[in-house]
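Structure record follows, encoded as structure tokens.
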Amino acid sequence: MTTIDLTPFSPPGTSEYAQAGASFQLAAPVDPAGAFTARSIDDVVHAVATARRLGRQLRLTTTGHAMGRTGPLTDALLLRPLLDAPVRVDPDARRARVPAGKTWGDVVPEVTRHGLTALHGSSATVGVIGYLLGGGLSFYGRRFGLAANSVRSLTVVLADGEVVEANATHRPDLFWALRGGGGGFGVVVEAEIDLMPMHRIVTGMAVWNASDAARLAPVWQAWARTAPPEITTSLRMLSLPPLPFLPPYLAGKRVLALDGAMIAPTEPDLPAAQRIADEMLSALSELASPVANTWAEAAPEALPLVHMDPQQPVPFHSDSALLHEIGAADWARILDAGPNLIALELRQLGGAFAAAPANVGALGRFTAPLHYYGVGLAGEETMSDLKAVRSTLRQYLTGFTAPNFVDDFERPQRTYDDQTRARVERVRRAVDPTGQFAGDVAPTRDQA
Ligand SMILES: Cc1cc2nc3c(=O)[nH]c(=O)nc-3n(C[C@H](O)[C@H](O)[C@H](O)COP(=O)(O)OP(=O)(O)OC[C@H]3O[C@@H](n4cnc5c(N)ncnc54)[C@H](O)[C@@H]3O)c2cc1C
């Protein structure tokens, strides 16, 4: 039998293969024909040329957070762009250039030292490029919108090996499609993003007994409807395992938790920020006293730890959906439907998430008021709870989903209207006519 030389991709069984395929999501198989960690743009160009020459599909990964929604990798080559290049911040222009492979944990300290922040998500371990390409729901989002709208320019290696800069004036169609279009356009090797002034934030987590959840949730929803856009929150039923590093009010307990961030971009904004966070907590605490409350003024670099996302790889299953407002009478049924889930989350949208600024990409806004995300350790109990929660949510499903949170290749919802979908596909065909990146297209019912 002749062995095909996949160089620079390493074959299964090698440490290079294991390193390039290392994934945060441990429940999904990562079994491509070969895997390669690219350390430079030249490496990426070489990898793309090799895949083209061998007639193999090229699949992309940075951290593997989204490996669960990836279809079978069989026969494909896996490329992990982890460039040896720094994050470059221009504080005067309030811009940062972020090379492929960086996580938000790499970027946040670099920008906050200049009194600036970026529209990062709840977890420091998520990859910047993958997050931006999927829209990006940030705890700053009700004030600044989807993170994809903060992208100014993307440098991409296309299927034919050309390295192009896509921005508002150069390759504008590609720039539009990359921002939320669902992948399959090429390898993004650098993103230029806008930064925002951020003096301090008011952040933390308030925790109540689970028995108070159904009374508190409708009050939170009513508050969320008219809350100022400077605050973005997440309400969760949390059931964390009894881990030694967790505080006693969370370890092994089932609780209702409210976290998020209220922004104070300048020093004079701080008293009002504190007051708005206090008012939100008072409205809920009048109904039931929290068992713990850590909300307080903090530096913006504290934010990626507040949501307590796992720092290490885990095997998980999750489900998500964009929701209409939930009727007051249904909260108890919904919040009780997933007792085995680690988290059943409702994220507050509205504000700038729903606004339509000029020149956005394929995914520029979410008009739904709520985002649902349920997650648990991989296994039958979690799958059954996710189904049960979805069934209680049936009448509130908008039929659309935030692509970043899709974790199941078989169960996607819609992401785009028909016109947007058709335009995304036209761009994809133009830049990748042979479908070299076709396996990297995120699943969505739009493609049915
Ligand atoms: C614990 C946790 C917390 C999260 N928190 C948030 C949150 O607060 N807000 C939010 O919006 N999302 C959040 N997410 C979802 C996350 O943003 C998506 O899973 C995102 O796709 C992860 O990107 P990645 O590069 O880390 O993952 P990967 O699985 O490595 O990549 C996902 C996809 O991104 C694309 N991609 C990655 N790198 C490149 C590249 N260089 N060029 C071209 N395409 C590329 C590929 O299509 C790839 O399939 C969270 C996920 C987890 C597991």
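Simple scheme: letters A, B, ... for chains in structure tokens order, numbers from 1 for residues in each chain, numbers from 1 for ligands in the order shown.
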With a distance cut-off of 12 Å and only C-alpha atoms, select the neighbouring residues of A:Ala96, excluding the residue or stretch itself and same-chain residues fewer than 3 positions from it, and output the selection as JSON, numbers by chain.
{"A": [86, 87, 88, 89, 90, 91, 92, 93, 99, 107, 108, 110, 111, 112, 114, 116, 117, 118, 119, 128, 150, 151, 152, 153, 154, 190, 191, 192, 193, 194, 195, 196]}
Mind checking which residues fall within 9 Å of A:Tyr416, counting only C-alpha atoms, ignoring those fewer than 4 positions away in the same chain, and posting them as a short mmCIF file (atom, residue, chain, number, x, y, z; two decimals) with N, CA and C atoms, in the first residue's frame?
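Written output follows (around_19.cif):
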data_model
loop_
_atom_site.label_atom_id
_atom_site.label_comp_id
_atom_site.auth_asym_id
_atom_site.auth_seq_id
_atom_site.Cartn_x
_atom_site.Cartn_y
_atom_site.Cartn_z
N GLY A 181 -21.08 35.08 8.13
CA GLY A 181 -21.55 34.25 7.02
C GLY A 181 -21.39 32.75 7.19
N ALA A 362 -22.94 39.90 7.17
CA ALA A 362 -24.07 38.99 6.93
C ALA A 362 -24.92 38.82 8.19
N LEU A 363 -24.30 38.98 9.34
CA LEU A 363 -25.03 38.87 10.61
C LEU A 363 -24.73 40.13 11.40
N PHE A 400 -34.75 31.06 14.91
CA PHE A 400 -33.40 31.51 14.54
C PHE A 400 -32.44 31.25 15.69
N THR A 420 -30.15 37.04 2.35
CA THR A 420 -28.79 37.02 2.92
C THR A 420 -28.12 35.69 2.62
N ARG A 421 -28.88 34.61 2.79
CA ARG A 421 -28.32 33.29 2.53
C ARG A 421 -27.81 33.18 1.09
N THR A 444 -26.57 25.09 9.28
CA THR A 444 -27.75 25.93 9.53
C THR A 444 -28.85 25.43 8.63
N ASP A 446 -30.73 27.01 6.96
CA ASP A 446 -30.80 27.81 5.73
C ASP A 446 -30.27 27.04 4.53
#
Distance in Å - atom CA of A:Thr37 versus atom CA of A:Arg80:
4.7 Å
Just the residues within 9 Å of stretch 145-148 of chain A, please, counting only C-alpha atoms, with nothing from its chain fewer than 2 positions along; format it as a PyMOL selection string.
chain A and resi 118-121+131-138+140-143+150-151+179-180+193+351-357+360-361+363-366
Could you write out the selected residues, including C-alpha atoms, as a PDB file, in the first residue's frame?
ATOM      1  CA  ALA A 118     -12.866  44.888  23.051  1.00  0.00           C
ATOM      2  CA  LEU A 119     -16.236  43.200  22.598  1.00  0.00           C
ATOM      3  CA  HIS A 120     -15.034  39.878  24.020  1.00  0.00           C
ATOM      4  CA  GLY A 121     -17.289  37.084  25.228  1.00  0.00           C
ATOM      5  CA  TYR A 131     -15.925  34.259  17.858  1.00  0.00           C
ATOM      6  CA  LEU A 132     -15.886  37.335  15.605  1.00  0.00           C
ATOM      7  CA  LEU A 133     -16.837  35.364  12.498  1.00  0.00           C
ATOM      8  CA  GLY A 134     -19.894  33.987  14.338  1.00  0.00           C
ATOM      9  CA  GLY A 135     -21.246  37.359  15.491  1.00  0.00           C
ATOM     10  CA  GLY A 136     -19.965  37.547  19.062  1.00  0.00           C
ATOM     11  CA  LEU A 137     -22.284  38.066  22.043  1.00  0.00           C
ATOM     12  CA  SER A 138     -20.471  40.198  24.605  1.00  0.00           C
ATOM     13  CA  TYR A 140     -20.822  44.941  26.397  1.00  0.00           C
ATOM     14  CA  GLY A 141     -23.178  44.080  23.542  1.00  0.00           C
ATOM     15  CA  ARG A 142     -26.331  45.980  24.553  1.00  0.00           C
ATOM     16  CA  ARG A 143     -24.256  49.171  24.310  1.00  0.00           C
ATOM     17  CA  SER A 150     -16.461  46.030  15.477  1.00  0.00           C
ATOM     18  CA  VAL A 151     -14.310  44.290  12.840  1.00  0.00           C
ATOM     19  CA  ARG A 179     -18.740  38.749   9.359  1.00  0.00           C
ATOM     20  CA  GLY A 180     -21.301  36.128  10.326  1.00  0.00           C
ATOM     21  CA  ILE A 193     -10.978  45.423  15.492  1.00  0.00           C
ATOM     22  CA  GLY A 351     -30.312  47.577  23.046  1.00  0.00           C
ATOM     23  CA  ALA A 352     -27.581  47.764  20.404  1.00  0.00           C
ATOM     24  CA  PHE A 353     -27.865  44.012  19.728  1.00  0.00           C
ATOM     25  CA  ALA A 354     -31.101  44.879  17.905  1.00  0.00           C
ATOM     26  CA  ALA A 355     -29.888  48.046  16.171  1.00  0.00           C
ATOM     27  CA  ALA A 356     -28.902  47.998  12.516  1.00  0.00           C
ATOM     28  CA  PRO A 357     -25.808  50.165  12.080  1.00  0.00           C
ATOM     29  CA  VAL A 360     -22.734  45.491   8.947  1.00  0.00           C
ATOM     30  CA  GLY A 361     -21.899  42.005   7.711  1.00  0.00           C
ATOM     31  CA  LEU A 363     -25.034  38.869  10.606  1.00  0.00           C
ATOM     32  CA  GLY A 364     -25.352  42.368  12.017  1.00  0.00           C
ATOM     33  CA  ARG A 365     -27.967  42.157  14.749  1.00  0.00           C
ATOM     34  CA  PHE A 366     -30.379  40.039  16.757  1.00  0.00           C
TER      35      PHE A 366
END
Please, which residues have at least one atom within 6 Å of an atom of ligand 1, using only C-alpha atoms and all ligand atoms, listed as a ChimeraX atom specification?
/A:60-67,81,100,121-123,126-127,129-131,136-138,183,186-189,309-310,404-405,440
Backbone DSSP call of strand (DSSP E) for stretch 232-385 of chain A, listed as a ChimeraX atom specification
/A:232-239,254-264,292-293,296-298,316-323,343-348,370-377
Quick one: DSSP alpha helix (DSSP H) residues in stretch 50-99 of chain A, as number ranges by chain?
A: 50-54
Do a neighbour search on A:Pro290 at 7 Å with only C-alpha atoms, toss out local chain neighbours closer than 4 positions, and write the hits as a count of residues only.
4
From the options A:Asp42, A:Glu286, A:Glu325, A:Glu345, which residue's atoms come nearest to A:His307, counting only C-alpha atoms?
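When distances to A:His307 are compared using only C-alpha atoms, the smallest one comes from A:Glu345.
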